[in-house]
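As stored in work_19.cif (mmCIF, C-alpha atoms):
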data_query
loop_
_atom_site.label_atom_id
_atom_site.label_comp_id
_atom_site.auth_asym_id
_atom_site.auth_seq_id
_atom_site.Cartn_x
_atom_site.Cartn_y
_atom_site.Cartn_z
CA MET A 1 204.96 89.90 275.94
CA THR A 2 202.41 92.28 277.40
CA LEU A 3 198.83 92.51 276.26
CA TYR A 4 199.52 95.93 274.73
CA ALA A 5 202.48 94.57 272.73
CA GLU A 6 200.40 91.63 271.47
CA GLN A 7 197.61 93.98 270.37
CA ALA A 8 200.10 96.30 268.64
CA LEU A 9 201.65 93.33 266.83
CA MET A 10 198.21 92.12 265.73
CA ASP A 11 197.31 95.62 264.48
CA LEU A 12 200.57 95.75 262.52
CA GLN A 13 199.88 92.35 260.95
CA ILE A 14 196.40 93.45 259.91
CA ALA A 15 197.71 96.71 258.47
CA LEU A 16 200.42 94.90 256.50
CA ASN A 17 197.93 92.36 255.15
CA ILE A 18 195.62 95.18 254.04
CA LEU A 19 198.55 96.89 252.33
CA ASP A 20 199.73 93.63 250.71
CA GLY A 21 196.23 92.80 249.50
CA ALA A 22 195.69 96.27 248.03
CA LEU A 23 199.05 96.26 246.25
CA VAL A 24 198.68 92.76 244.83
CA LEU A 25 195.09 93.35 243.71
CA GLY A 26 196.17 96.69 242.25
CA VAL A 27 198.67 94.86 240.06
CA ALA A 28 196.43 91.87 239.31
CA ILE A 29 193.47 93.70 237.82
CA PRO A 30 195.35 95.63 235.10
CA SER A 31 197.47 92.57 234.32
CA LEU A 32 194.33 90.53 233.64
CA PHE A 33 193.27 93.07 231.04
CA LEU A 34 196.75 93.15 229.54
CA ALA A 35 196.86 89.33 229.39
CA ARG A 36 193.70 89.37 227.27
CA THR A 37 195.37 91.52 224.63
CA VAL A 38 198.34 89.19 224.04
CA LYS A 39 198.12 87.54 220.63
CA GLN A 40 200.45 84.53 221.12
CA PRO A 41 198.49 81.67 222.75
CA LYS A 42 201.31 80.38 224.96
CA LEU A 43 202.22 83.83 226.20
CA ARG A 44 198.54 84.66 226.77
CA LEU A 45 198.17 81.49 228.86
CA LEU A 46 201.25 82.31 230.94
CA ALA A 47 200.15 85.91 231.46
CA GLY A 48 196.65 84.75 232.42
CA LEU A 49 197.99 82.22 234.94
CA LEU A 50 200.29 84.78 236.53
CA SER A 51 197.48 87.32 236.69
CA GLY A 52 195.17 84.71 238.19
CA PHE A 53 197.76 83.91 240.84
CA LEU A 54 198.07 87.59 241.71
CA LEU A 55 194.30 87.95 241.94
CA ILE A 56 193.91 84.91 244.19
CA HIS A 57 196.87 85.95 246.34
CA GLY A 58 195.31 89.39 246.84
CA LEU A 59 192.03 87.72 247.79
CA TYR A 60 193.97 85.59 250.26
CA HIS A 61 195.16 88.71 252.07
CA ALA A 62 191.64 90.16 252.03
CA THR A 63 190.05 87.01 253.46
CA PHE A 64 192.84 86.74 256.04
CA VAL A 65 192.14 90.26 257.30
CA LEU A 66 188.38 89.71 257.31
CA GLY A 67 188.89 86.43 259.15
CA SER A 68 190.61 88.25 262.00
CA MET A 69 187.45 90.27 262.70
CA PRO A 70 184.93 89.07 265.28
CA GLY A 71 182.15 87.04 263.71
CA LEU A 72 184.04 86.42 260.47
CA GLU A 73 186.49 83.79 261.70
CA ALA A 74 185.26 81.34 259.05
CA LEU A 75 186.83 83.55 256.38
CA GLY A 76 190.19 83.13 258.10
CA ASP A 77 189.81 79.37 257.80
CA LEU A 78 188.75 79.77 254.17
CA SER A 79 191.84 81.84 253.42
CA GLY A 80 194.27 79.25 254.76
CA VAL A 81 192.52 76.09 253.59
CA ILE A 82 191.19 77.01 250.14
CA VAL A 83 192.35 80.39 248.84
CA GLU A 84 196.07 80.15 249.62
CA PRO A 85 196.55 76.60 248.23
CA ALA A 86 194.59 77.55 245.09
CA GLY A 87 196.91 80.48 244.50
CA TRP A 88 200.03 78.40 244.95
CA LEU A 89 198.61 75.71 242.67
CA LEU A 90 198.15 78.31 239.93
CA PHE A 91 201.68 79.56 240.51
CA PHE A 92 203.02 76.00 240.30
CA ILE A 93 201.19 75.41 237.01
CA PHE A 94 202.56 78.71 235.72
CA SER A 95 206.10 77.67 236.70
CA VAL A 96 205.86 74.27 235.05
CA LEU A 97 204.45 75.72 231.82
CA LEU A 98 207.08 78.46 231.77
CA TRP A 99 209.78 75.80 232.14
CA ARG A 100 208.26 73.66 229.37
CA TYR A 101 207.71 76.58 226.98
CA SER A 102 211.26 77.86 227.49
CA GLU A 103 212.82 74.64 226.14
#
Go through the file and emit its structure as structure tokens.
Amino acid sequence: MTLYAEQALMDLQIALNILDGALVLGVAIPSLFLARTVKQPKLRLLAGLLSGFLLIHGLYHATFVLGSMPGLEALGDLSGVIVEPAGWLLFFIFSVLLWRYSE
């Protein structure tokens, strides 16, 4: 692969991560407000966990993009080591509670 092709691929990855982050955060913020209005406690908890996952996953994309910039490489490490596992942990908890509440 040529240097130009590698740079174009990197630019595409950054653009897609920016788009992913914007879309996920755009969905997460209104869903947090909607989750607060739910009256049933179990449903409110599930909606809050799903909204929290979306928020953290959007932050993952943002820190990943920032970590690819010169001088901010530590944010790239932060995204893979802390932010991404935290998001998947929330999603796992959401899945387990959804399974338990559906019985």
Specify as a PDB file with C-alpha atoms, keeping the file's coordinate frame each residue included when the PyMOL selection byres ((chain A and resi 71-84) around 10) is applied to this file.
ATOM      1  CA  PHE A  53     197.760  83.910 240.840  1.00  0.00           C
ATOM      2  CA  ILE A  56     193.910  84.910 244.190  1.00  0.00           C
ATOM      3  CA  HIS A  57     196.870  85.950 246.340  1.00  0.00           C
ATOM      4  CA  GLY A  58     195.310  89.390 246.840  1.00  0.00           C
ATOM      5  CA  LEU A  59     192.030  87.720 247.790  1.00  0.00           C
ATOM      6  CA  TYR A  60     193.970  85.590 250.260  1.00  0.00           C
ATOM      7  CA  HIS A  61     195.160  88.710 252.070  1.00  0.00           C
ATOM      8  CA  ALA A  62     191.640  90.160 252.030  1.00  0.00           C
ATOM      9  CA  THR A  63     190.050  87.010 253.460  1.00  0.00           C
ATOM     10  CA  PHE A  64     192.840  86.740 256.040  1.00  0.00           C
ATOM     11  CA  VAL A  65     192.140  90.260 257.300  1.00  0.00           C
ATOM     12  CA  LEU A  66     188.380  89.710 257.310  1.00  0.00           C
ATOM     13  CA  GLY A  67     188.890  86.430 259.150  1.00  0.00           C
ATOM     14  CA  SER A  68     190.610  88.250 262.000  1.00  0.00           C
ATOM     15  CA  MET A  69     187.450  90.270 262.700  1.00  0.00           C
ATOM     16  CA  PRO A  70     184.930  89.070 265.280  1.00  0.00           C
ATOM     17  CA  PRO A  85     196.550  76.600 248.230  1.00  0.00           C
ATOM     18  CA  ALA A  86     194.590  77.550 245.090  1.00  0.00           C
ATOM     19  CA  GLY A  87     196.910  80.480 244.500  1.00  0.00           C
ATOM     20  CA  TRP A  88     200.030  78.400 244.950  1.00  0.00           C
ATOM     21  CA  LEU A  89     198.610  75.710 242.670  1.00  0.00           C
TER      22      LEU A  89
END
### Neighbour list for A:Phe91 as an NGL selection string, cut-off 10 Å, all atoms listed in the file, skip fewer than 6 positions in-chain
:A and (46 or 49-54 or 57 or 85 or 97)
Where is the centre and how long are the edges: axis-aligned box on stretch 95-100 of chain A, 5 Å on each side, Å to one decimal, as JSON:
{"center_x": 207.1, "center_y": 76.1, "center_z": 233.0, "size_x": 15.3, "size_y": 14.8, "size_z": 17.3}
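Checking A:Leu98, A:Ala47, A:Leu90, A:Leu16 one by one against A:Ala28, counting all atoms listed in the file, you find the shortest gap at A:Ala47.
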### Pick from A:Leu55, A:Thr2, A:Phe92, A:Arg44 nearest to A:Gly21, counting all atoms listed in the file
A:Leu55
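Across the structure, atom CA of A:Trp99 and atom CA of A:Pro30 are spaced 24.7 Å apart.
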